[in-house]
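S.K.: There's a structure below that I have some questions on.
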Amino acid sequence: MIKTPYYLIDKAALLRNMEKIAYVREHSGAKALLALKCFATWSVFDLMSQYMDGTTSSSLNEVKLGKLKFPGETHAYSVAYSDDEIAEVLAHSDKIIFNSIGQLTRFADESANHVRGLRLNPGVSSSAFLIADPSRPYSRLGEWNADEISPVLEQISGFMIHNNCENNDFSLFDHMLSDIEAKFGDLLKHPNITWVSLGGGIHFTGEGYPLDHFCARLKAFSECYGVQVYLEPGEASITQTTSLEVTVLDTLYNGKQLAIVDSSIEAHMLDLLIYRETAKMAPNNGTHEYMICGKSCLAGDIFGEFNFEQPLKVGDRLSFIDAAGYTMVKKNWFNGVNMPAIAIRQLDGQVELVKEFGFNDFVNSLS
């Protein structure tokens, strides 16, 4: 048995998501780029690259990772590029997307021979969290004013619009896309504009999502404006594919039954702590309820409350499910808690340990 904690990626589950992405690509004409900000575990890129068109990034490091590890297109985006990284960004990307007119102008000479795009902000989003809302008041994410964008259309050939966030409601996606068309339709119809990325956050691989309606809407948008549509699925690519495997280290009672595991929500599932959400566990039934707690010194290091068929005891193994998106990319060394290893269940059912972390990794992350 692999020593816990470790992330376990199930390639069969990943393949199911990839097949839905392939269906959307075929029936809509849209291209799909993996959003590395959500998931960047390159050990499964061999499978994913067979069903996707490339990657999109949010930093120089992600651009370089995409170029090195994922065949196909490499799109570069950043909220702001610095002078000392722009040359490398351009060298490792096929398209560069600027967040602002100021950045586009600043790096106009360096990027003159590159495919360039600009981020648009339509002022509406599907985010339920202010911290993740790209259209929040005073947002720095993209350009809002069509009149200010028009003069730079000769310098770009496309747009990126990312305003969805865990949106599993097709009607909401449809409504927001119509709003984008109303606000930016004249820009989209400009002869220079040949591609539009609609970003990520569209949960179209989820159960029951109306894929055919989604494909028809994307195809109609593409044909109306004469553009190649891109999608940037992050969470949609890897939802329900990965678990965080942990072991019970101790149990105690303090008004509730508590169990401490060899992991930490702050170190290993940080996104849940940021958004004050509870981890998911399977199975989660029975009459014995426990609060599952992490081993760090943070008082609020709590994964959640779950139900079990039998009382928990030291040595029991538990699985937190859906632990890939915005989780593996955020793992950290808080309290020096051991970093989870990474294992893959291959398509033939064999589990392969692909990465372990040790004391030297902890030391080298510091100075």
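Ordering of the structure tokens sets the chain letters (A, B, ...); residue numbers start at 1 within each chain; ligands are numbered from 1 in the order shown.
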May I have the residues within 12 Å of A:Gln346 as a list in words, using only C-alpha atoms and disregarding those fewer than 5 positions away in the same chain?
M.R.: Leu8, Ile9, Asp10, Lys11, Ala12, Ala13, Leu14, Leu15, Ser43, Val44, Asp46, Leu47, Thr241, Val351, Glu352, Leu353 and Val354 of chain A
S.K.: What's the 6 Å shell around A:Thr247, counting only C-alpha atoms, without same-chain residues fewer than 6 positions away, as a ChimeraX atom specification?
M.R.: /A:261-262,315-317
S.K.: Within 7 Å of stretch 321-328 of chain A, counting only C-alpha atoms, which residues qualify if same-chain residues fewer than 6 places away don't, as a ChimeraX atom specification?
M.R.: /A:38-39,235,238-244,268-271,280-282
S.K.: Could you list, as a compact mmCIF listing (two decimals) with N, CA and C atoms, in the first residue's frame, every residue within 12 Å of A:Leu65, counting only C-alpha atoms and ignoring same-chain residues fewer than 3 positions away?
M.R.:
```txt
# COMPACT_ATOMS: atom_id res chain seq x y z
N LEU A 34 -6.42 23.21 -21.83
CA LEU A 34 -6.38 22.95 -20.40
C LEU A 34 -5.89 24.19 -19.66
N ALA A 35 -6.67 24.63 -18.66
CA ALA A 35 -6.27 25.77 -17.83
C ALA A 35 -5.32 25.28 -16.74
N LEU A 36 -4.04 25.56 -16.91
CA LEU A 36 -3.03 25.06 -15.99
C LEU A 36 -3.15 25.66 -14.60
N LYS A 37 -3.79 26.81 -14.45
CA LYS A 37 -3.97 27.39 -13.12
C LYS A 37 -4.82 26.48 -12.24
N PHE A 39 -5.17 22.89 -12.89
CA PHE A 39 -4.60 21.54 -12.82
C PHE A 39 -3.37 21.48 -13.70
N ALA A 40 -2.26 21.06 -13.13
CA ALA A 40 -1.00 21.06 -13.88
C ALA A 40 -0.18 19.80 -13.64
N THR A 41 -0.84 18.72 -13.26
CA THR A 41 -0.12 17.47 -13.00
C THR A 41 0.19 16.79 -14.32
N TRP A 42 1.38 17.03 -14.80
CA TRP A 42 1.74 16.67 -16.17
C TRP A 42 1.89 15.17 -16.41
N SER A 43 1.86 14.38 -15.36
CA SER A 43 1.97 12.93 -15.53
C SER A 43 0.77 12.33 -16.26
N PHE A 45 -0.79 14.18 -18.75
CA PHE A 45 -0.95 14.94 -19.99
C PHE A 45 -0.89 14.03 -21.21
N GLY A 54 -4.41 21.98 -26.42
CA GLY A 54 -3.25 22.65 -25.86
C GLY A 54 -3.54 23.16 -24.47
N THR A 55 -2.82 24.20 -24.08
CA THR A 55 -2.94 24.73 -22.72
C THR A 55 -3.07 26.25 -22.74
N THR A 56 -3.58 26.77 -21.64
CA THR A 56 -3.58 28.21 -21.41
C THR A 56 -3.04 28.45 -20.01
N SER A 57 -2.42 29.59 -19.82
CA SER A 57 -1.62 29.80 -18.62
C SER A 57 -1.94 31.13 -17.97
N SER A 58 -1.35 31.30 -16.78
CA SER A 58 -1.50 32.57 -16.05
C SER A 58 -0.18 33.14 -15.59
N SER A 59 0.92 32.52 -16.02
CA SER A 59 2.25 32.97 -15.58
C SER A 59 3.30 32.42 -16.54
N LEU A 60 4.50 32.94 -16.43
CA LEU A 60 5.60 32.45 -17.26
C LEU A 60 5.88 30.98 -16.98
N ASN A 61 5.87 30.57 -15.73
CA ASN A 61 6.15 29.18 -15.41
C ASN A 61 5.12 28.25 -16.04
N GLU A 62 3.85 28.64 -16.02
CA GLU A 62 2.82 27.80 -16.64
C GLU A 62 2.97 27.78 -18.16
N LEU A 68 6.42 22.71 -22.77
CA LEU A 68 7.31 21.56 -22.57
C LEU A 68 6.56 20.24 -22.51
N LYS A 69 5.38 20.23 -21.87
CA LYS A 69 4.75 18.96 -21.51
C LYS A 69 3.45 18.65 -22.24
N PHE A 70 2.86 19.61 -22.94
CA PHE A 70 1.54 19.38 -23.52
C PHE A 70 1.56 19.75 -25.00
N PRO A 71 1.49 18.78 -25.91
CA PRO A 71 1.50 19.10 -27.35
C PRO A 71 0.31 19.99 -27.73
N THR A 74 -0.14 26.75 -27.24
CA THR A 74 0.21 27.28 -25.92
C THR A 74 -0.19 28.75 -25.88
N HIS A 75 -1.26 29.03 -25.11
CA HIS A 75 -1.73 30.41 -24.97
C HIS A 75 -1.17 31.01 -23.69
N ALA A 76 -0.65 32.21 -23.79
CA ALA A 76 -0.10 32.91 -22.64
C ALA A 76 -1.04 34.04 -22.23
N VAL A 89 8.09 34.60 -22.37
CA VAL A 89 6.66 34.33 -22.61
C VAL A 89 6.40 34.21 -24.10
N HIS A 92 7.81 30.99 -25.76
CA HIS A 92 7.20 29.71 -25.41
C HIS A 92 5.70 29.65 -25.70
N SER A 93 5.15 30.65 -26.40
CA SER A 93 3.70 30.67 -26.63
C SER A 93 3.37 30.87 -28.10
```
S.K.: So that I can see what lies close to A:Met18, please list as a list in words the residues with an atom at most 9 Å from it, counting only C-alpha atoms and leaving out residues fewer than 5 positions away in the same chain.
M.R.: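 So the residues in contact are Ala13, Tyr23, Leu47, Met48, Gln50, Tyr51, Met52, Thr205, Ser237 and Ile238 of chain A.
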S.K.: How would the residues just chosen look if you wrote them out with N, CA, C and O atoms as a PDB file, in the first residue's frame?
M.R.:
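Ended up saving to selection.pdb:
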```pdb
ATOM      1  N   ALA A  13     -11.739   7.707 -14.917  1.00  0.00           N
ATOM      2  CA  ALA A  13     -12.635   8.839 -14.669  1.00  0.00           C
ATOM      3  C   ALA A  13     -12.213  10.042 -15.503  1.00  0.00           C
ATOM      4  O   ALA A  13     -13.057  10.777 -16.037  1.00  0.00           O
ATOM      5  N   TYR A  23     -16.443  15.400 -27.561  1.00  0.00           N
ATOM      6  CA  TYR A  23     -17.776  15.541 -28.155  1.00  0.00           C
ATOM      7  C   TYR A  23     -18.076  17.010 -28.446  1.00  0.00           C
ATOM      8  O   TYR A  23     -18.576  17.356 -29.532  1.00  0.00           O
ATOM      9  N   LEU A  47      -2.565  11.376 -21.691  1.00  0.00           N
ATOM     10  CA  LEU A  47      -3.961  11.083 -22.019  1.00  0.00           C
ATOM     11  C   LEU A  47      -4.707  12.339 -22.442  1.00  0.00           C
ATOM     12  O   LEU A  47      -5.389  12.361 -23.473  1.00  0.00           O
ATOM     13  N   MET A  48      -4.577  13.397 -21.682  1.00  0.00           N
ATOM     14  CA  MET A  48      -5.354  14.604 -21.918  1.00  0.00           C
ATOM     15  C   MET A  48      -5.038  15.236 -23.272  1.00  0.00           C
ATOM     16  O   MET A  48      -5.925  15.763 -23.954  1.00  0.00           O
ATOM     17  N   GLN A  50      -4.492  13.909 -25.998  1.00  0.00           N
ATOM     18  CA  GLN A  50      -5.158  13.231 -27.104  1.00  0.00           C
ATOM     19  C   GLN A  50      -6.560  13.793 -27.354  1.00  0.00           C
ATOM     20  O   GLN A  50      -7.141  13.557 -28.411  1.00  0.00           O
ATOM     21  N   TYR A  51      -7.098  14.518 -26.386  1.00  0.00           N
ATOM     22  CA  TYR A  51      -8.480  14.990 -26.459  1.00  0.00           C
ATOM     23  C   TYR A  51      -8.601  16.509 -26.393  1.00  0.00           C
ATOM     24  O   TYR A  51      -9.700  17.048 -26.496  1.00  0.00           O
ATOM     25  N   MET A  52      -7.485  17.208 -26.201  1.00  0.00           N
ATOM     26  CA  MET A  52      -7.516  18.651 -26.064  1.00  0.00           C
ATOM     27  C   MET A  52      -6.503  19.269 -27.024  1.00  0.00           C
ATOM     28  O   MET A  52      -5.632  18.592 -27.559  1.00  0.00           O
ATOM     29  N   THR A 205     -18.944  19.196 -18.336  1.00  0.00           N
ATOM     30  CA  THR A 205     -18.731  17.753 -18.220  1.00  0.00           C
ATOM     31  C   THR A 205     -19.521  17.152 -17.058  1.00  0.00           C
ATOM     32  O   THR A 205     -19.453  15.947 -16.823  1.00  0.00           O
ATOM     33  N   SER A 237     -12.302  19.654 -16.816  1.00  0.00           N
ATOM     34  CA  SER A 237     -11.427  18.598 -17.328  1.00  0.00           C
ATOM     35  C   SER A 237     -11.208  17.481 -16.320  1.00  0.00           C
ATOM     36  O   SER A 237     -11.127  16.303 -16.691  1.00  0.00           O
ATOM     37  N   ILE A 238     -11.122  17.852 -15.036  1.00  0.00           N
ATOM     38  CA  ILE A 238     -10.661  16.872 -14.051  1.00  0.00           C
ATOM     39  C   ILE A 238     -11.646  16.647 -12.909  1.00  0.00           C
ATOM     40  O   ILE A 238     -11.315  15.962 -11.936  1.00  0.00           O
TER      41      ILE A 238
END
```
S.K.: Mind the document's chain letters and residue numbers, and return as a PyMOL selection string the residues of stretch 34-279 of chain A that DSSP labels alpha helix (DSSP H).
M.R.: chain A and resi 45-48+60-69+86-91+101-106+146-149+170-188+211-225+235-238+265-268+270-274
S.K.: Find the residues near A:Ala279: any atom within 8 Å, counting only C-alpha atoms, skip ones fewer than 5 places away on the same chain, and give them as a list in words.
M.R.: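 These residues fall inside the cut-off: Leu272, Phe303, Gly304, Phe320 and Ile321 of chain A.
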S.K.: I want to know what sits within 6 Å of stretch 224-232 of chain A, based on only C-alpha atoms, with residues of the same chain fewer than 5 positions away left out; could you give that as a PyMOL selection string?
M.R.: chain A and resi 30-35+189+194-200
S.K.: Looking only at strand (DSSP E or B) from DSSP on the backbone, list the matching residues of stretch 135-188 of chain A as number ranges by chain.
M.R.: A: 143, 158-161, 167
